[in-house]
Amino acid sequence: MKQISNGRRAMLAALSVWAFAGALPAAAQDPKISQARAALADWLALADANDVAKSYANAAQRFRASMTIGQWTEAMKRAREQFGPTVSRTFVGSQVPQPGKNTPPGEFVVIAYRTEFGKRTVGTETITMEREADGKWRVVGYLMR
């Protein structure tokens, strides 16, 4: 398999974020996205402060069912070693995935940020929020790249 250079990988990442953002403006007016973003801001503050226990406790049940707190602690440790602390975060866009055969039941919002980290000046965060039975939006998936 052909290897991709770091410069090309960064360009492809930027293009994918740009393409993602281009598909999002119509969804930005959706009130559920505003609610999900507000809940996410609180959760990201915990993650940015490296408060692993509270970020885990405030994540969705489906998130907690997919890993133990020990696994989450280790994942956060590895991520911080690789990326460093969050320096800045810029909202790129969001979307509401359409229900389908590859989508679990539930109500979801995917939110993307262009993020500068202490050890990586160009990064992305993609977070999936789920509205749980109590009506609150919680993190069900978190990806740093």
# chains A, B, ... in the order shown; residues from 1 in each chain; ligands from 1
call {"tool": "residues_around", "arguments": {"residues": "Arg131 (chain A)", "least_positions_apart": "2", "cutoff": "10 Å", "atoms": "only C-alpha atoms", "output": "list in words"}}
result
Lys32, Gln35, Ala36, Ala60, Gly106, Glu107, Phe108, Val109, Met129, Ala133, Asp134, Gly135, Lys136, Trp137, Arg138, Val139 and Val140 of chain A
call {"tool": "write_last_selection", "arguments": {"atoms": "N, CA and C atoms", "output": "PDB file, in the first residue's frame"}}
result
ATOM      1  N   LYS A  32     -32.000  21.259  18.123  1.00  0.00           N
ATOM      2  CA  LYS A  32     -31.346  20.145  18.805  1.00  0.00           C
ATOM      3  C   LYS A  32     -29.827  20.267  18.715  1.00  0.00           C
ATOM      4  N   GLN A  35     -28.742  22.677  21.442  1.00  0.00           N
ATOM      5  CA  GLN A  35     -28.776  21.994  22.737  1.00  0.00           C
ATOM      6  C   GLN A  35     -27.589  21.043  22.885  1.00  0.00           C
ATOM      7  N   ALA A  36     -27.297  20.288  21.828  1.00  0.00           N
ATOM      8  CA  ALA A  36     -26.183  19.342  21.871  1.00  0.00           C
ATOM      9  C   ALA A  36     -24.854  20.081  22.033  1.00  0.00           C
ATOM     10  N   ALA A  60     -22.462   9.616  27.779  1.00  0.00           N
ATOM     11  CA  ALA A  60     -23.675   8.810  27.587  1.00  0.00           C
ATOM     12  C   ALA A  60     -23.494   7.392  28.127  1.00  0.00           C
ATOM     13  N   GLY A 106     -31.828   5.794  18.061  1.00  0.00           N
ATOM     14  CA  GLY A 106     -31.575   6.933  18.928  1.00  0.00           C
ATOM     15  C   GLY A 106     -31.504   8.214  18.131  1.00  0.00           C
ATOM     16  N   GLU A 107     -31.287   9.300  18.865  1.00  0.00           N
ATOM     17  CA  GLU A 107     -31.204  10.626  18.268  1.00  0.00           C
ATOM     18  C   GLU A 107     -29.776  11.130  18.466  1.00  0.00           C
ATOM     19  N   PHE A 108     -29.095  11.484  17.372  1.00  0.00           N
ATOM     20  CA  PHE A 108     -27.682  11.831  17.414  1.00  0.00           C
ATOM     21  C   PHE A 108     -27.410  13.147  16.700  1.00  0.00           C
ATOM     22  N   VAL A 109     -26.312  13.802  17.107  1.00  0.00           N
ATOM     23  CA  VAL A 109     -25.776  14.969  16.427  1.00  0.00           C
ATOM     24  C   VAL A 109     -24.262  14.767  16.378  1.00  0.00           C
ATOM     25  N   MET A 129     -22.921  13.216  19.748  1.00  0.00           N
ATOM     26  CA  MET A 129     -23.772  13.421  20.916  1.00  0.00           C
ATOM     27  C   MET A 129     -25.036  12.591  20.743  1.00  0.00           C
ATOM     28  N   ALA A 133     -32.662   9.056  27.232  1.00  0.00           N
ATOM     29  CA  ALA A 133     -34.067   8.957  27.625  1.00  0.00           C
ATOM     30  C   ALA A 133     -34.514  10.113  28.523  1.00  0.00           C
ATOM     31  N   ASP A 134     -33.592  10.681  29.301  1.00  0.00           N
ATOM     32  CA  ASP A 134     -33.949  11.809  30.177  1.00  0.00           C
ATOM     33  C   ASP A 134     -34.005  13.136  29.425  1.00  0.00           C
ATOM     34  N   GLY A 135     -33.753  13.105  28.099  1.00  0.00           N
ATOM     35  CA  GLY A 135     -33.808  14.300  27.277  1.00  0.00           C
ATOM     36  C   GLY A 135     -32.510  15.079  27.200  1.00  0.00           C
ATOM     37  N   LYS A 136     -31.493  14.647  27.946  1.00  0.00           N
ATOM     38  CA  LYS A 136     -30.214  15.359  27.954  1.00  0.00           C
ATOM     39  C   LYS A 136     -29.289  14.808  26.863  1.00  0.00           C
ATOM     40  N   TRP A 137     -28.510  15.740  26.287  1.00  0.00           N
ATOM     41  CA  TRP A 137     -27.514  15.374  25.287  1.00  0.00           C
ATOM     42  C   TRP A 137     -26.212  15.029  25.995  1.00  0.00           C
ATOM     43  N   ARG A 138     -25.623  13.885  25.602  1.00  0.00           N
ATOM     44  CA  ARG A 138     -24.360  13.447  26.202  1.00  0.00           C
ATOM     45  C   ARG A 138     -23.443  12.881  25.118  1.00  0.00           C
ATOM     46  N   VAL A 139     -22.144  12.944  25.402  1.00  0.00           N
ATOM     47  CA  VAL A 139     -21.134  12.432  24.463  1.00  0.00           C
ATOM     48  C   VAL A 139     -21.224  10.915  24.395  1.00  0.00           C
ATOM     49  N   VAL A 140     -21.325  10.419  23.170  1.00  0.00           N
ATOM     50  CA  VAL A 140     -21.324   8.972  22.961  1.00  0.00           C
ATOM     51  C   VAL A 140     -20.087   8.550  22.158  1.00  0.00           C
TER      52      VAL A 140
END
call {"tool": "select_by_dssp", "arguments": {"residues": "region 16-127 of chain A", "states": "alpha helix (DSSP H)", "output": "PyMOL selection string"}}
result
chain A and resi 16-22+31-48+52-57+61-66+69-83
call {"tool": "atom_distance", "arguments": {"atom1": "CA of Lys54 (chain A)", "atom2": "CA of Lys119 (chain A)"}}
result
24.2 Å
call {"tool": "residues_around", "arguments": {"residues": "Asp48 (chain A)", "least_positions_apart": "2", "cutoff": "12 Å", "atoms": "only C-alpha atoms", "output": "JSON list (two decimals) with N, CA, C and O atoms, in the first residue's frame"}}
result
[["chain", "number", "residue", "atom", "x", "y", "z"],
["A", 40, "LEU", "N", -22.19, 19.78, 25.00],
["A", 40, "LEU", "CA", -20.82, 19.40, 24.65],
["A", 40, "LEU", "C", -19.81, 20.38, 25.23],
["A", 40, "LEU", "O", -18.74, 19.96, 25.67],
["A", 41, "ALA", "N", -20.13, 21.66, 25.24],
["A", 41, "ALA", "CA", -19.20, 22.65, 25.80],
["A", 41, "ALA", "C", -18.85, 22.32, 27.24],
["A", 41, "ALA", "O", -17.68, 22.41, 27.65],
["A", 42, "ASP", "N", -19.84, 21.92, 28.02],
["A", 42, "ASP", "CA", -19.60, 21.54, 29.42],
["A", 42, "ASP", "C", -18.70, 20.31, 29.50],
["A", 42, "ASP", "O", -17.78, 20.24, 30.31],
["A", 43, "TRP", "N", -18.96, 19.32, 28.62],
["A", 43, "TRP", "CA", -18.17, 18.08, 28.64],
["A", 43, "TRP", "C", -16.73, 18.35, 28.19],
["A", 43, "TRP", "O", -15.78, 17.84, 28.78],
["A", 44, "LEU", "N", -16.56, 19.17, 27.16],
["A", 44, "LEU", "CA", -15.22, 19.48, 26.68],
["A", 44, "LEU", "C", -14.40, 20.22, 27.73],
["A", 44, "LEU", "O", -13.19, 20.04, 27.83],
["A", 45, "ALA", "N", -15.06, 21.04, 28.53],
["A", 45, "ALA", "CA", -14.36, 21.73, 29.63],
["A", 45, "ALA", "C", -13.78, 20.72, 30.60],
["A", 45, "ALA", "O", -12.65, 20.87, 31.08],
["A", 46, "LEU", "N", -14.52, 19.65, 30.86],
["A", 46, "LEU", "CA", -14.01, 18.58, 31.73],
["A", 46, "LEU", "C", -12.83, 17.86, 31.08],
["A", 46, "LEU", "O", -11.81, 17.60, 31.72],
["A", 50, "ASN", "N", -8.62, 17.76, 31.89],
["A", 50, "ASN", "CA", -8.13, 16.40, 32.15],
["A", 50, "ASN", "C", -8.83, 15.78, 33.36],
["A", 50, "ASN", "O", -8.25, 15.00, 34.10],
["A", 51, "ASP", "N", -10.10, 16.12, 33.54],
["A", 51, "ASP", "CA", -10.91, 15.53, 34.60],
["A", 51, "ASP", "C", -11.55, 14.26, 34.05],
["A", 51, "ASP", "O", -12.72, 14.25, 33.63],
["A", 52, "VAL", "N", -10.76, 13.21, 34.04],
["A", 52, "VAL", "CA", -11.16, 11.95, 33.41],
["A", 52, "VAL", "C", -12.41, 11.37, 34.09],
["A", 52, "VAL", "O", -13.34, 10.94, 33.41],
["A", 54, "LYS", "N", -14.88, 12.83, 35.82],
["A", 54, "LYS", "CA", -16.12, 13.56, 35.54],
["A", 54, "LYS", "C", -16.51, 13.49, 34.07],
["A", 54, "LYS", "O", -17.70, 13.41, 33.75],
["A", 55, "SER", "N", -15.52, 13.50, 33.17],
["A", 55, "SER", "CA", -15.86, 13.38, 31.75],
["A", 55, "SER", "C", -16.47, 12.01, 31.47],
["A", 55, "SER", "O", -17.41, 11.89, 30.69],
["A", 76, "MET", "N", -7.33, 8.73, 27.37],
["A", 76, "MET", "CA", -7.08, 10.17, 27.56],
["A", 76, "MET", "C", -5.59, 10.44, 27.80],
["A", 76, "MET", "O", -5.04, 11.41, 27.28],
["A", 77, "LYS", "N", -4.95, 9.57, 28.55],
["A", 77, "LYS", "CA", -3.51, 9.73, 28.81],
["A", 77, "LYS", "C", -2.73, 9.65, 27.50],
["A", 77, "LYS", "O", -1.87, 10.50, 27.23],
["A", 79, "ALA", "N", -3.86, 10.16, 24.45],
["A", 79, "ALA", "CA", -4.21, 11.30, 23.60],
["A", 79, "ALA", "C", -3.46, 12.56, 24.04],
["A", 79, "ALA", "O", -2.93, 13.30, 23.20],
["A", 80, "ARG", "N", -3.39, 12.81, 25.33],
["A", 80, "ARG", "CA", -2.70, 14.01, 25.82],
["A", 80, "ARG", "C", -1.20, 13.91, 25.58],
["A", 80, "ARG", "O", -0.55, 14.92, 25.29],
["A", 83, "PHE", "N", -1.09, 14.56, 21.64],
["A", 83, "PHE", "CA", -1.58, 15.84, 21.15],
["A", 83, "PHE", "C", -1.20, 17.03, 22.04],
["A", 83, "PHE", "O", -1.11, 18.14, 21.57],
["A", 84, "GLY", "N", -1.06, 16.80, 23.33],
["A", 84, "GLY", "CA", -0.83, 17.89, 24.25],
["A", 84, "GLY", "C", -2.16, 18.52, 24.66],
["A", 84, "GLY", "O", -3.23, 18.07, 24.25],
["A", 85, "PRO", "N", -2.11, 19.57, 25.45],
["A", 85, "PRO", "CA", -3.34, 20.23, 25.90],
["A", 85, "PRO", "C", -4.03, 20.98, 24.76],
["A", 85, "PRO", "O", -3.40, 21.35, 23.77],
["A", 86, "THR", "N", -5.31, 21.23, 24.92],
["A", 86, "THR", "CA", -6.06, 22.01, 23.94],
["A", 86, "THR", "C", -5.66, 23.47, 24.07],
["A", 86, "THR", "O", -5.67, 24.03, 25.16],
["A", 87, "VAL", "N", -5.30, 24.08, 22.93],
["A", 87, "VAL", "CA", -4.92, 25.48, 22.89],
["A", 87, "VAL", "C", -6.09, 26.33, 22.41],
["A", 87, "VAL", "O", -6.43, 27.34, 23.01],
["A", 88, "SER", "N", -6.72, 25.91, 21.33],
["A", 88, "SER", "CA", -7.89, 26.61, 20.81],
["A", 88, "SER", "C", -8.76, 25.64, 20.04],
["A", 88, "SER", "O", -8.31, 24.59, 19.58],
["A", 89, "ARG", "N", -10.03, 26.03, 19.91],
["A", 89, "ARG", "CA", -11.01, 25.16, 19.24],
["A", 89, "ARG", "C", -11.95, 26.06, 18.44],
["A", 89, "ARG", "O", -12.48, 27.02, 18.97],
["A", 115, "THR", "N", -9.10, 22.02, 15.85],
["A", 115, "THR", "CA", -8.53, 22.23, 17.17],
["A", 115, "THR", "C", -7.02, 22.32, 17.09],
["A", 115, "THR", "O", -6.37, 21.54, 16.40],
["A", 117, "PHE", "N", -3.73, 21.88, 19.31],
["A", 117, "PHE", "CA", -3.26, 21.27, 20.55],
["A", 117, "PHE", "C", -1.83, 21.72, 20.81],
["A", 117, "PHE", "O", -1.15, 22.21, 19.90],
["A", 118, "GLY", "N", -1.37, 21.53, 22.02],
["A", 118, "GLY", "CA", -0.01, 21.93, 22.39],
["A", 118, "GLY", "C", 1.07, 21.28, 21.55],
["A", 118, "GLY", "O", 2.10, 21.89, 21.26]]
call {"tool": "closest_residue", "arguments": {"among": "A:Thr73, A:Asn102, A:Asn58, A:Thr126", "to": "Thr90 (chain A)", "atoms": "only C-alpha atoms"}}
result
A:Thr126
call {"tool": "closest_residue", "arguments": {"among": "A:Gln95, A:Gly141, A:Ile33, A:Ala38", "to": "Met67 (chain A)", "atoms": "only C-alpha atoms"}}
result
A:Gly141
call {"tool": "atom_distance", "arguments": {"atom1": "CA of Gln71 (chain A)", "atom2": "CA of Thr103 (chain A)"}}
result
24.4 Å
call {"tool": "atom_distance", "arguments": {"atom1": "CA of Val92 (chain A)", "atom2": "CA of Thr124 (chain A)"}}
result
9.2 Å
